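run.tsv (TSV, C-alpha atoms and all ligand atoms) appears below.
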chain	number	residue	atom	x	y	z
A	1	MET	CA	3.15	-7.54	6.00
A	2	LYS	CA	4.40	-5.78	9.07
A	3	ILE	CA	3.27	-2.17	9.09
A	4	ILE	CA	5.08	0.59	10.92
A	5	ILE	CA	3.70	4.12	11.06
A	6	LYS	CA	5.97	6.95	12.19
A	7	GLU	CA	5.60	10.64	12.69
A	8	GLU	CA	6.93	12.57	9.71
A	9	LYS	CA	10.06	13.64	11.61
A	10	ASP	CA	11.05	10.04	12.41
A	11	PHE	CA	10.12	8.43	9.09
A	12	PHE	CA	13.42	8.67	7.19
A	13	ARG	CA	15.57	7.51	10.10
A	14	GLU	CA	13.30	4.54	10.77
A	15	ALA	CA	13.49	3.51	7.10
A	16	ALA	CA	17.26	4.05	6.96
A	17	SER	CA	17.80	1.97	10.08
A	18	GLU	CA	16.34	-1.03	8.21
A	19	ILE	CA	19.13	-0.80	5.64
A	20	ALA	CA	21.76	-0.18	8.32
A	21	GLN	CA	20.58	-3.26	10.20
A	22	VAL	CA	21.04	-5.46	7.15
A	23	ILE	CA	24.60	-4.14	6.68
A	24	ARG	CA	25.50	-4.57	10.35
A	25	LYS	CA	24.24	-8.17	10.35
A	26	LYS	CA	26.01	-9.22	7.17
A	27	THR	CA	28.97	-7.19	6.00
A	28	SER	CA	28.88	-8.95	2.61
A	29	ALA	CA	25.15	-8.36	2.07
A	30	LYS	CA	23.77	-7.79	-1.42
A	31	ILE	CA	21.28	-4.99	-1.25
A	32	GLY	CA	18.83	-3.59	-3.80
A	33	LEU	CA	17.95	0.10	-3.59
A	34	SER	CA	15.45	2.40	-5.27
A	35	THR	CA	15.57	6.01	-6.35
A	36	GLY	CA	13.01	8.76	-5.97
A	37	ARG	CA	11.84	11.47	-3.60
A	38	THR	CA	11.20	9.02	-0.76
A	39	THR	CA	14.49	7.21	-0.95
A	40	LYS	CA	16.46	10.46	-1.28
A	41	GLY	CA	15.53	11.22	2.34
A	42	VAL	CA	16.11	7.63	3.40
A	43	HIS	CA	19.59	7.62	1.87
A	44	ALA	CA	20.49	10.92	3.54
A	45	ALA	CA	19.42	9.45	6.89
A	46	LEU	CA	21.46	6.32	6.16
A	47	VAL	CA	24.57	8.41	5.49
A	48	LYS	CA	23.99	10.23	8.77
A	49	LEU	CA	23.63	6.93	10.65
A	50	HIS	CA	26.83	5.75	9.02
A	51	GLU	CA	28.67	8.88	10.13
A	52	GLU	CA	27.44	8.31	13.68
A	53	GLU	CA	28.01	4.56	13.89
A	54	LYS	CA	30.75	3.93	11.31
A	55	PHE	CA	29.51	0.46	10.31
A	56	ASP	CA	31.65	-1.13	7.62
A	57	CYS	CA	30.23	-0.93	4.09
A	58	SER	CA	33.32	-1.96	2.16
A	59	GLY	CA	32.12	-5.54	1.63
A	60	ILE	CA	28.51	-4.95	0.69
A	61	THR	CA	27.19	-5.04	-2.86
A	62	VAL	CA	24.55	-2.58	-3.98
A	63	PHE	CA	22.33	-2.66	-7.04
A	64	GLY	CA	19.61	-0.32	-8.22
A	65	ILE	CA	16.32	-2.05	-8.89
A	66	ASP	CA	15.71	-0.04	-12.03
A	67	GLU	CA	17.14	2.44	-14.52
A	68	ILE	CA	15.87	4.83	-17.17
A	69	THR	CA	16.92	3.90	-20.69
A	70	ASN	CA	18.54	6.34	-23.11
A	71	MET	CA	19.81	8.47	-20.27
A	72	SER	CA	23.54	8.86	-19.79
A	73	ARG	CA	24.95	7.98	-16.39
A	74	ASP	CA	26.15	11.58	-16.08
A	75	CYS	CA	22.59	12.84	-16.11
A	76	LYS	CA	21.32	13.73	-12.65
A	77	ALA	CA	18.07	11.86	-13.28
A	78	SER	CA	19.77	8.56	-14.02
A	79	CYS	CA	19.38	6.03	-11.25
A	80	TYR	CA	23.10	5.27	-11.52
A	81	TYR	CA	24.01	8.90	-10.84
A	82	ILE	CA	21.55	9.15	-7.97
A	83	LEU	CA	22.68	5.99	-6.18
A	84	LEU	CA	26.34	6.76	-6.79
A	85	HIS	CA	26.02	10.15	-5.10
A	86	GLU	CA	23.40	9.35	-2.47
A	87	VAL	CA	24.76	6.00	-1.28
A	88	VAL	CA	27.77	4.39	-2.95
A	89	GLU	CA	30.31	7.21	-2.56
A	90	PRO	CA	29.19	8.50	0.86
A	91	LEU	CA	29.23	5.00	2.36
A	92	GLY	CA	32.54	4.06	0.78
A	93	ILE	CA	31.16	1.13	-1.21
A	94	PRO	CA	33.72	0.05	-3.84
A	95	LEU	CA	32.57	0.81	-7.40
A	96	ALA	CA	33.24	-2.82	-8.28
A	97	ASN	CA	30.41	-3.70	-5.87
A	98	PHE	CA	27.87	-1.43	-7.56
A	99	ILE	CA	25.64	-3.26	-10.04
A	100	MET	CA	23.49	-1.29	-12.49
A	101	PRO	CA	22.11	-2.04	-15.94
A	102	ASP	CA	23.57	-0.02	-18.82
A	103	PRO	CA	20.96	2.62	-19.76
A	104	MET	CA	22.44	3.02	-23.25
A	105	ALA	CA	22.59	-0.70	-24.09
A	106	GLU	CA	21.71	-1.35	-27.74
A	107	ASP	CA	19.59	-4.34	-26.83
A	108	PRO	CA	17.74	-3.44	-23.59
A	109	GLN	CA	16.07	-6.84	-23.28
A	110	LYS	CA	19.45	-8.55	-23.39
A	111	GLU	CA	20.75	-6.00	-20.88
A	112	CYS	CA	17.84	-6.88	-18.56
A	113	ARG	CA	18.85	-10.54	-18.61
A	114	LYS	CA	22.50	-9.68	-17.96
A	115	PHE	CA	21.51	-7.40	-15.11
A	116	GLN	CA	19.22	-10.01	-13.58
A	117	GLN	CA	21.98	-12.62	-13.75
A	118	LYS	CA	24.36	-10.32	-11.90
A	119	VAL	CA	21.73	-9.71	-9.23
A	120	LEU	CA	21.03	-13.43	-8.90
A	121	ALA	CA	24.73	-14.45	-8.83
A	122	ASP	CA	26.36	-15.59	-5.56
A	123	GLY	CA	23.10	-16.43	-3.83
A	124	GLY	CA	21.12	-13.42	-5.04
A	125	ALA	CA	19.90	-10.39	-3.15
A	126	ASP	CA	19.65	-10.49	0.64
A	127	PHE	CA	17.43	-7.47	0.85
A	128	ILE	CA	15.59	-4.98	-1.35
A	129	PHE	CA	14.37	-1.58	-0.29
A	130	LEU	CA	11.42	-0.48	-2.43
A	131	GLY	CA	9.58	2.76	-3.00
A	132	LEU	CA	5.93	2.94	-3.97
A	133	GLY	CA	4.66	4.65	-7.11
A	134	GLU	CA	1.62	6.89	-6.82
A	135	ASN	CA	-0.20	4.43	-9.09
A	136	GLY	CA	1.00	1.44	-7.07
A	137	HIS	CA	4.00	0.63	-9.25
A	138	LEU	CA	7.08	-1.19	-8.00
A	139	GLY	CA	10.38	-0.39	-9.69
A	140	PHE	CA	9.10	0.50	-13.16
A	141	ASN	CA	6.50	-2.28	-13.16
A	142	GLN	CA	3.37	-0.35	-13.99
A	143	PRO	CA	-0.24	-1.41	-13.29
A	144	GLY	CA	-1.12	-4.35	-15.50
A	145	THR	CA	2.34	-5.93	-15.34
A	146	PRO	CA	2.04	-9.70	-14.81
A	147	PHE	CA	3.09	-10.83	-11.33
A	148	GLY	CA	5.31	-13.46	-13.00
A	149	GLN	CA	7.37	-10.80	-14.78
A	150	THR	CA	11.15	-10.95	-14.40
A	151	ALA	CA	13.65	-8.19	-15.37
A	152	TRP	CA	12.43	-6.37	-18.48
A	153	LEU	CA	12.03	-3.10	-20.28
A	154	SER	CA	8.78	-1.55	-19.10
A	155	TRP	CA	6.91	1.49	-20.29
A	156	MET	CA	6.90	4.68	-18.28
A	157	ASP	CA	3.63	5.96	-16.90
A	158	ASP	CA	2.57	9.36	-18.25
A	159	SER	CA	2.76	11.36	-15.05
A	160	LEU	CA	6.24	10.07	-14.15
A	161	ASN	CA	7.40	10.63	-17.70
A	162	GLU	CA	6.13	14.21	-17.58
A	163	ARG	CA	7.64	14.92	-14.14
A	164	LEU	CA	11.07	13.51	-15.02
A	165	ARG	CA	11.19	15.57	-18.22
A	166	ARG	CA	10.10	18.74	-16.43
A	167	GLU	CA	12.48	18.37	-13.49
A	168	ASN	CA	15.50	17.42	-15.60
A	169	ASN	CA	14.91	19.29	-18.88
A	170	ILE	CA	14.81	16.06	-20.86
A	171	PRO	CA	13.83	16.75	-24.48
A	172	ASP	CA	10.91	14.90	-26.12
A	173	GLU	CA	13.16	13.11	-28.60
A	174	VAL	CA	14.81	11.16	-25.77
A	175	LYS	CA	12.60	8.10	-25.44
A	176	MET	CA	12.65	6.94	-21.85
A	177	GLY	CA	11.86	3.39	-20.84
A	178	GLY	CA	12.05	1.66	-17.49
A	179	LEU	CA	14.66	-1.07	-17.32
A	180	THR	CA	13.57	-2.84	-14.18
A	181	LEU	CA	13.71	-5.99	-12.14
A	182	GLY	CA	10.33	-7.69	-12.41
A	183	ILE	CA	7.77	-8.31	-9.73
A	184	LYS	CA	8.77	-11.97	-9.54
A	185	ASP	CA	12.38	-10.90	-8.88
A	186	PHE	CA	11.22	-8.79	-5.93
A	187	MET	CA	9.04	-11.58	-4.57
A	188	GLN	CA	11.95	-14.02	-4.69
A	189	CYS	CA	14.11	-11.81	-2.49
A	190	PRO	CA	13.89	-13.12	1.10
A	191	HIS	CA	13.62	-9.74	2.82
A	192	LEU	CA	11.82	-6.62	1.60
A	193	VAL	CA	11.07	-3.20	3.00
A	194	ILE	CA	8.82	-0.70	1.23
A	195	ALA	CA	8.55	2.89	2.38
A	196	ALA	CA	6.06	5.59	1.48
A	197	ASN	CA	5.47	9.05	2.86
A	198	GLY	CA	3.21	11.98	2.15
A	199	GLU	CA	-0.46	12.55	1.44
A	200	ASN	CA	0.04	11.81	-2.27
A	201	LYS	CA	0.74	8.15	-1.44
A	202	LYS	CA	-2.20	7.49	0.84
A	203	GLU	CA	-4.45	5.96	-1.83
A	204	SER	CA	-1.81	3.64	-3.25
A	205	VAL	CA	-0.78	2.67	0.30
A	206	ALA	CA	-4.37	1.70	1.14
A	207	ARG	CA	-4.68	-0.29	-2.10
A	208	MET	CA	-1.34	-2.00	-1.46
A	209	ILE	CA	-2.24	-3.06	2.08
A	210	GLU	CA	-6.02	-3.38	2.22
A	211	GLY	CA	-7.07	-3.85	-1.38
A	212	PRO	CA	-7.32	-7.09	-3.32
A	213	VAL	CA	-4.11	-8.63	-4.62
A	214	THR	CA	-4.34	-7.64	-8.25
A	215	GLU	CA	-2.02	-6.91	-11.16
A	216	ALA	CA	-3.81	-3.56	-11.43
A	217	VAL	CA	-1.90	-2.61	-8.25
A	218	PRO	CA	1.58	-4.14	-8.54
A	219	ALA	CA	2.46	-3.42	-4.89
A	220	SER	CA	-0.56	-5.43	-3.67
A	221	ILE	CA	1.44	-8.63	-4.32
A	222	LEU	CA	3.57	-7.72	-1.32
A	223	GLN	CA	0.68	-8.87	0.89
A	224	LEU	CA	1.82	-12.39	-0.06
A	225	HIS	CA	5.52	-11.91	0.72
A	226	PRO	CA	6.68	-13.77	3.87
A	227	ASP	CA	8.97	-11.00	5.12
A	228	CYS	CA	7.91	-7.57	3.93
A	229	LYS	CA	7.87	-4.56	6.20
A	230	VAL	CA	5.97	-1.40	5.23
A	231	ILE	CA	7.20	1.87	6.70
A	232	LEU	CA	4.84	4.82	6.45
A	233	ASP	CA	4.55	8.31	7.78
A	234	GLU	CA	1.19	9.38	9.19
A	235	ALA	CA	0.12	11.17	6.01
A	236	ALA	CA	0.74	8.13	3.82
A	237	ALA	CA	-1.10	5.93	6.33
A	238	GLY	CA	-4.08	8.32	6.30
A	239	GLY	CA	-6.18	6.24	3.89
A	240	LEU	CA	-5.96	2.98	5.84
A	241	LYS	CA	-9.22	1.69	7.35
A	242	VAL	CA	-7.52	-0.21	10.13
A	243	THR	CA	-4.80	1.64	11.99
A	244	VAL	CA	-1.97	-0.40	13.39
B	301	LIG	C1	10.07	5.67	-9.52
B	301	LIG	C2	11.10	4.58	-9.33
B	301	LIG	C3	10.70	3.66	-8.25
B	301	LIG	C4	10.36	4.46	-7.02
B	301	LIG	C5	9.13	5.30	-7.28
B	301	LIG	C6	8.68	6.17	-6.12
B	301	LIG	O1	9.13	5.26	-10.41
B	301	LIG	N1	11.32	3.86	-10.54
B	301	LIG	O2	11.72	2.72	-7.99
B	301	LIG	O3	10.12	3.60	-5.96
B	301	LIG	O4	9.42	6.13	-8.38
B	301	LIG	O5	9.30	7.42	-6.17
B	301	LIG	P1	8.94	8.66	-5.26
B	301	LIG	O6	9.45	8.35	-3.91
B	301	LIG	O7	9.65	9.81	-5.90
B	301	LIG	O8	7.47	8.83	-5.29
Whole structure given in structure tokens:
Amino acid sequence: MKIIIKEEKDFFREAASEIAQVIRKKTSAKIGLSTGRTTKGVHAALVKLHEEEKFDCSGITVFGIDEITNMSRDCKASCYYILLHEVVEPLGIPLANFIMPDPMAEDPQKECRKFQQKVLADGGADFIFLGLGENGHLGFNQPGTPFGQTAWLSWMDDSLNERLRRENNIPDEVKMGGLTLGIKDFMQCPHLVIAANGENKKESVARMIEGPVTEAVPASILQLHPDCKVILDEAAAGGLKVTV
């Protein structure tokens, strides 16, 4: 793992420049993106970089690494909606090049396989940008998920479930699941970046980087990836024993 620690003010631009670099190097790159509080800032910085540098995004393909089931694509909490508005439209990526699983699919397991096949088609993903869950999750792969897991329908952890419902007024009868690429899918991608910021991530960051590689902390597997960069702000790096 290559670890980069930035001041809070430089964090989002540093993370965004990783995505921009991939696009500049390969205009037909296939790129996996995440949604959340961290990546919202990263995507805004990417759009700003794009306005400044005008690199061509018309040939790239983008997919979201996960999606919430039973949530319409019009809902602001759906990963489709978020990526469409934060990245796909502002960068001028053709809709035909935007791959997402269907959150309303009748058979979510079948949908996972379809989604994975689309991601793996034409040589697979060149790059995936990951966020880190407060409990160490990757995508929606919660603690305890086998490292060999491929795309599947995962459960939602309680605190995320509660937060999503509160922030988006989602009623209890809507059962949310996490349709996600699996940990094995991430590990098979040749180039990964994971970003985390804020005090609330410092424990999971320390466990990801300095703890044992264990299924109890899904992100700890990234220690074994040959090309994974970790981008942190100072607060998120605050729990590390060894500073870089
Ligand atoms: C969610 C998403 C992940 C994301 C993580 C971190 O669980 N499914 O893909 O990386 O949250 O989000 P945040 O940056 O909001 O903490």
What are the nearest atom pairs, with distances in Å to one decimal, for all residues of chain A that come at most 8 Å from ligand LIG 301 (chain B), using all atoms listed in the file, set out by chain and rising residue number as JSON lines?
{"residue": "A:Ser34", "atom": "CA", "partner": "B:LIG301", "partner_atom": "O2", "distance": 4.6}
{"residue": "A:Thr35", "atom": "CA", "partner": "B:LIG301", "partner_atom": "O2", "distance": 5.3}
{"residue": "A:Gly36", "atom": "CA", "partner": "B:LIG301", "partner_atom": "O7", "distance": 3.5}
{"residue": "A:Arg37", "atom": "CA", "partner": "B:LIG301", "partner_atom": "O7", "distance": 3.6}
{"residue": "A:Thr38", "atom": "CA", "partner": "B:LIG301", "partner_atom": "O6", "distance": 3.7}
{"residue": "A:Thr39", "atom": "CA", "partner": "B:LIG301", "partner_atom": "O6", "distance": 6.0}
{"residue": "A:Lys40", "atom": "CA", "partner": "B:LIG301", "partner_atom": "O6", "distance": 7.8}
{"residue": "A:Ile65", "atom": "CA", "partner": "B:LIG301", "partner_atom": "O2", "distance": 6.7}
{"residue": "A:Asp66", "atom": "CA", "partner": "B:LIG301", "partner_atom": "N1", "distance": 6.1}
{"residue": "A:Glu67", "atom": "CA", "partner": "B:LIG301", "partner_atom": "N1", "distance": 7.2}
{"residue": "A:Leu130", "atom": "CA", "partner": "B:LIG301", "partner_atom": "O3", "distance": 5.5}
{"residue": "A:Gly131", "atom": "CA", "partner": "B:LIG301", "partner_atom": "O3", "distance": 3.1}
{"residue": "A:Leu132", "atom": "CA", "partner": "B:LIG301", "partner_atom": "O3", "distance": 4.7}
{"residue": "A:Gly133", "atom": "CA", "partner": "B:LIG301", "partner_atom": "C6", "distance": 4.4}
{"residue": "A:Glu134", "atom": "CA", "partner": "B:LIG301", "partner_atom": "O8", "distance": 6.4}
{"residue": "A:His137", "atom": "CA", "partner": "B:LIG301", "partner_atom": "O1", "distance": 7.0}
{"residue": "A:Leu138", "atom": "CA", "partner": "B:LIG301", "partner_atom": "O3", "distance": 6.0}
{"residue": "A:Gly139", "atom": "CA", "partner": "B:LIG301", "partner_atom": "O2", "distance": 3.8}
{"residue": "A:Phe140", "atom": "CA", "partner": "B:LIG301", "partner_atom": "N1", "distance": 4.8}
{"residue": "A:Leu160", "atom": "CA", "partner": "B:LIG301", "partner_atom": "O1", "distance": 6.7}
{"residue": "A:Gly178", "atom": "CA", "partner": "B:LIG301", "partner_atom": "N1", "distance": 7.3}
{"residue": "A:Thr180", "atom": "CA", "partner": "B:LIG301", "partner_atom": "N1", "distance": 7.9}
{"residue": "A:Ala196", "atom": "CA", "partner": "B:LIG301", "partner_atom": "O6", "distance": 6.9}
{"residue": "A:Asn197", "atom": "CA", "partner": "B:LIG301", "partner_atom": "O6", "distance": 7.9}
{"residue": "A:Lys201", "atom": "CA", "partner": "B:LIG301", "partner_atom": "O8", "distance": 7.8}
In Å, with one decimal, what is the gap from CA of Lys2 in chain A to CA of Ile23 in chain A?
->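 Between CA of Lys2 in chain A and CA of Ile23 in chain A the gap is 20.4 Å.
Atom to atom, CA of Ala45 in chain A and CA of Val242 in chain A stand 28.8 Å apart.
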Using only C-alpha atoms, collect all residues at a distance of at most 7 Å from (0.3, -7.1, 4.2) as written in the file, then present them as a PyMOL selection string.
-> chain A and resi 1-2+209+222-224
Dump as a tab-separated table the rows for residues of range 36-146 of chain A within 10 Å of range 165-170 of chain A: closest atom pair and distance in Å with one decimal, only C-alpha atoms counted, ordered by chain and rising residue number.
residue	atom	partner	partner_atom	distance
A:Met71	CA	A:Ile170	CA	9.1
A:Cys75	CA	A:Asn168	CA	8.5
A:Lys76	CA	A:Asn168	CA	7.5
A:Ala77	CA	A:Asn168	CA	6.5
A:Ser78	CA	A:Asn168	CA	10.0
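Taking only C-alpha atoms into account, Gly239 in chain A lies nearest to A:Glu203 out of the set A:Gln149, A:Met208, A:Ala20, A:Glu203.
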Shell of 10 Å around Lys175 in chain A, only C-alpha atoms, local chain residues under 3 positions omitted, as a PyMOL selection string | chain A and resi 68-71+156+161+170-172
